[in-house]
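Engineer: Provided herewith is a single structure, encoded as structure tokens, for subsequent inquiry.
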Amino acid sequence: MAHLLGAEALHLEYPTRVIFDSLTIGLDEGDRIGIVGRNGDGKSTLLKMLSGRLEPNSGRVTRRNGVTLAVLDQSDDLDDSKTVHQTIIGDIDEHVWAGDPKVRDVIAGLAADIPWEASIKDLSGGQRRRVALAALLIGDHDIIFLDEPTNHLDVEGITWLAGHLKRRWSATSGALVVVTHDRWFLDEICTATWEVHDRLIEPFEGGYAAYILQRVERDQMNATMEAKRQNLMKKELAWLRRGAPARTAKPKFRIDAANALIANEPPVRDSVSLASMAMQRLGKDVVDLEDVSVSFGEKHVLKNVTWRIAPGERTGILGVNGAGKSTLLSLVAGSLQPTSGRIKRGKTIKVSTLTQQLAELEDVWNDRVSDVISRHKSTYIAGGKEMTPTQMLERVGFQSAQLATPVKDLSGGQKRRLQLLLILLSEPNVLILDEPTNDLDTDMLAAIEDLLDTYPGTLLVVSHDRYLLERVTDNQYAVLDGHLRHLPRGVDQYLELRGAQTTSKPAAAAAKPKGLGGAELRNAQKEFAAAGRKIEKLSAQIAELHLSMAAHDQSDYTGLGTISTQLSDVQKQLDEVETRWLELEELLA
């Protein structure tokens, strides 16, 4: 494979610290590199040096003659005086770009919902980000550098971007270098991983899963490596092997070695014990939403939603931006009342929400971290072990030197971790996480997930981070057209439903007659209403079966098997009814 770019003996330092020392690395045709490492260790700085946007103190970066490159920084430099159209397409004639399938694909994947002639200055931060990414991707480049490209993208957008980057070049041409904390994305597109740490780059073969395996092997051979860090990475590897086997099918992932490393590792969560503890803390009732609807003026956000949340339930919520996810969780938290319907709340529930605004830290902004933590209980039980608040801080990556730091001087990731820890120390039995991965690197995400593995309450998570959803929740739901739908097959099923929804609407609009006849319309409306009632009934049965399974004698395998069979049968009925319900909704729209 031909060489594209090389960095030789790079040295970079700031007045307070050395970032890189004698760094030599190269990019070849066909490279798809993911960059990981702790926040502040130089991932974005490395991208800037390789792309020529930052000059090192010594050393040099060389490119092969004729090689072109493009860079997506974390902050955009879009021209506010231009329109979306001008920014993405530039001066290319419409008949030229409209006839280019790659350009059409990029626009459909990133900018389909953004007004084409809107001014850049009027866009939201997320829209600006997608426009900048679209403008980059319609060009032809030999090397693309992307710094956190999944920020502001939902699950569908991230999936589209991964597919686009895999199709963009042949396997032996082009090069991609990406900094991201989205581990699913890393696994999906990368053939190699560079870990930035201690002034150097350590290369690993494969994506995130393969990187974790090799890192565990490295740590085991290094006797000075902290045992706690080893155990955390082994736990992460155990989940990757048990919870997501498709990720380990890549040729370079050594399955036998992985199995040997995790032979004595228990499952990442003891689901039965956690469910039992949750029943003790919560009783049988958590929050029941019964035929709930929410409207804001003429806009109907949620329609006839029934959701009975079980003690110890760990659920991920999916949906496009504006679908009603936050509205749904506000109903659960009690901060919003429904327009119609009924909400039944357990007498013992204590709900806490991890928001995106760091509201929990406002009152302690000027206090030292150690003072903030000392105001809580002296000991806590986590994973069956008694721990002090300081030990809990260490568990989420705080070092002893940082305990004297005022909260306001912490990094974004440190504030996020402290925010979550303070919520957990208040011991809620219902925990809602709204986009909890912001500002966290991959190591800290693994530490947070390890902490959540021992949380013995009901956990509800809204996130565009597919890896996190699959890692910390046991089932997923989607908010689709104002309705709540269970997803037995998880994120893959959601993407299928959204794909079918997106492609069927234009076809249905083209094929639909002027209007259903009188008798035909009445029959369709009756069937639609009956299907809605059937969905509620079957959903209630599923919730009851889950409760029955949690309360059942766990040593009675025959009885548990019977309940499991019943659950499978009812779920199959629900899938069939929901499919017909969606067909009727399209017909009556």
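Labels used: A, B, ... for chains in the order of the structure tokens, numbers from 1 for residues in each chain, and numbers from 1 for ligands as shown.
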Can you pull out every residue within 12 Å of Ile107 of chain A, counting only C-alpha atoms, but drop anything in the same chain fewer than 2 positions away, and send it as a PyMOL selection string?
Structural biologist: chain A and resi 84-85+87-89+97-98+100-105+109-116+130-138+157+160-161+164
Engineer: Counting only C-alpha atoms, which residue out of A:Ile535, A:Val106, A:Ala529, A:Leu480 sits closest to Val301 of chain A?
Structural biologist: A:Leu480
Engineer: With DSSP run on the backbone, what are the strand (DSSP E) residues within segment 36-173 of chain A? I'd like them as an mmCIF file with N, CA and C atoms, in the first residue's frame.
Structural biologist:
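Final file, selection20.cif:
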```
data_model
loop_
_atom_site.group_PDB
_atom_site.id
_atom_site.type_symbol
_atom_site.label_atom_id
_atom_site.label_comp_id
_atom_site.auth_asym_id
_atom_site.auth_seq_id
_atom_site.Cartn_x
_atom_site.Cartn_y
_atom_site.Cartn_z
ATOM 1 N N VAL A 36 -7.898 7.017 20.428
ATOM 2 C CA VAL A 36 -8.502 7.006 21.761
ATOM 3 C C VAL A 36 -7.466 7.468 22.776
ATOM 4 N N GLY A 37 -7.926 7.774 23.965
ATOM 5 C CA GLY A 37 -7.034 8.228 25.022
ATOM 6 C C GLY A 37 -7.792 9.122 25.976
ATOM 7 N N SER A 58 9.446 20.849 17.047
ATOM 8 C CA SER A 58 10.493 20.251 16.221
ATOM 9 C C SER A 58 9.933 19.008 15.554
ATOM 10 N N GLY A 59 10.664 18.508 14.550
ATOM 11 C CA GLY A 59 10.161 17.394 13.762
ATOM 12 C C GLY A 59 9.386 17.914 12.557
ATOM 13 N N ARG A 60 8.886 16.995 11.719
ATOM 14 C CA ARG A 60 8.180 17.444 10.530
ATOM 15 C C ARG A 60 7.111 16.439 10.106
ATOM 16 N N VAL A 61 6.122 16.967 9.377
ATOM 17 C CA VAL A 61 5.070 16.150 8.774
ATOM 18 C C VAL A 61 5.188 16.300 7.265
ATOM 19 N N THR A 62 5.294 15.195 6.545
ATOM 20 C CA THR A 62 5.438 15.237 5.083
ATOM 21 C C THR A 62 4.282 14.503 4.427
ATOM 22 N N ARG A 63 3.882 15.009 3.237
ATOM 23 C CA ARG A 63 2.813 14.384 2.461
ATOM 24 C C ARG A 63 3.328 13.997 1.086
ATOM 25 N N LEU A 69 -6.317 16.594 1.504
ATOM 26 C CA LEU A 69 -6.906 16.218 2.788
ATOM 27 C C LEU A 69 -7.976 17.219 3.197
ATOM 28 N N ALA A 70 -8.853 16.777 4.098
ATOM 29 C CA ALA A 70 -9.912 17.636 4.644
ATOM 30 C C ALA A 70 -10.011 17.371 6.138
ATOM 31 N N VAL A 71 -10.410 18.402 6.896
ATOM 32 C CA VAL A 71 -10.434 18.303 8.358
ATOM 33 C C VAL A 71 -11.774 18.806 8.890
ATOM 34 N N LEU A 72 -12.358 18.027 9.803
ATOM 35 C CA LEU A 72 -13.513 18.496 10.577
ATOM 36 C C LEU A 72 -13.047 18.709 12.003
ATOM 37 N N ILE A 143 -7.218 11.953 2.219
ATOM 38 C CA ILE A 143 -7.191 11.747 3.675
ATOM 39 C C ILE A 143 -8.272 12.613 4.305
ATOM 40 N N ILE A 144 -9.031 12.040 5.225
ATOM 41 C CA ILE A 144 -10.024 12.813 5.976
ATOM 42 C C ILE A 144 -9.712 12.672 7.463
ATOM 43 N N PHE A 145 -9.610 13.825 8.147
ATOM 44 C CA PHE A 145 -9.431 13.877 9.595
ATOM 45 C C PHE A 145 -10.746 14.347 10.221
ATOM 46 N N LEU A 146 -11.297 13.570 11.147
ATOM 47 C CA LEU A 146 -12.566 13.910 11.784
ATOM 48 C C LEU A 146 -12.380 13.955 13.304
ATOM 49 N N ASP A 147 -12.719 15.083 13.912
ATOM 50 C CA ASP A 147 -12.621 15.246 15.361
ATOM 51 C C ASP A 147 -14.034 15.247 15.944
#
```
Engineer: Using DSSP secondary structure from the backbone, list all helix (DSSP H, G or I) positions within segment 73-172 of chain A, as a ChimeraX atom specification.
Structural biologist: /A:84-89,94-97,101-110,120-122,125-137,155-168
Engineer: Per residue of segment 100-198 of chain A within 9 Å of segment 313-336 of chain A, which atom pair is closest and at what distance in Å (one decimal), using only C-alpha atoms, listed by chain and increasing number, as a tab-separated table?
Structural biologist:
```
residue	atom	partner	partner_atom	distance
A:Asp154	CA	A:Val320	CA	6.5
A:Val155	CA	A:Leu318	CA	8.0
A:Glu156	CA	A:Val320	CA	8.1
```
Engineer: May I have the selected residues written with N, CA, C and O atoms, as an mmCIF file, in the first residue's frame?
Structural biologist:
```cif
data_model
loop_
_atom_site.group_PDB
_atom_site.id
_atom_site.type_symbol
_atom_site.label_atom_id
_atom_site.label_comp_id
_atom_site.auth_asym_id
_atom_site.auth_seq_id
_atom_site.Cartn_x
_atom_site.Cartn_y
_atom_site.Cartn_z
ATOM 1 N N ASP A 154 -27.814 11.725 15.754
ATOM 2 C CA ASP A 154 -28.577 10.695 16.453
ATOM 3 C C ASP A 154 -28.129 9.321 15.961
ATOM 4 O O ASP A 154 -27.205 9.194 15.156
ATOM 5 N N VAL A 155 -28.778 8.260 16.469
ATOM 6 C CA VAL A 155 -28.367 6.899 16.141
ATOM 7 C C VAL A 155 -28.411 6.665 14.636
ATOM 8 O O VAL A 155 -27.504 6.054 14.055
ATOM 9 N N GLU A 156 -29.458 7.167 13.979
ATOM 10 C CA GLU A 156 -29.572 6.995 12.531
ATOM 11 C C GLU A 156 -28.438 7.720 11.799
ATOM 12 O O GLU A 156 -27.840 7.184 10.861
#
```
Engineer: Between A:Ile343, A:Ile92, A:Met444, A:Val369, single out the one closest to Ser293 of chain A, counting only C-alpha atoms.
Structural biologist: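 Using only C-alpha atoms, Ser293 of chain A sits closest to A:Ile343.
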Engineer: Could you check how far atom CA of Asp187 of chain A sits from atom CA of Gly163 of chain A, in Å to one decimal?
Structural biologist: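 Spanning atom CA of Asp187 of chain A to atom CA of Gly163 of chain A is a straight-line distance of 12.3 Å.
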Engineer: Looking at A:Glu435, A:Glu205, A:Glu427, A:Asp291, which one is nearest to Ser340 of chain A, with distances taken over only C-alpha atoms?
Structural biologist: A:Asp291
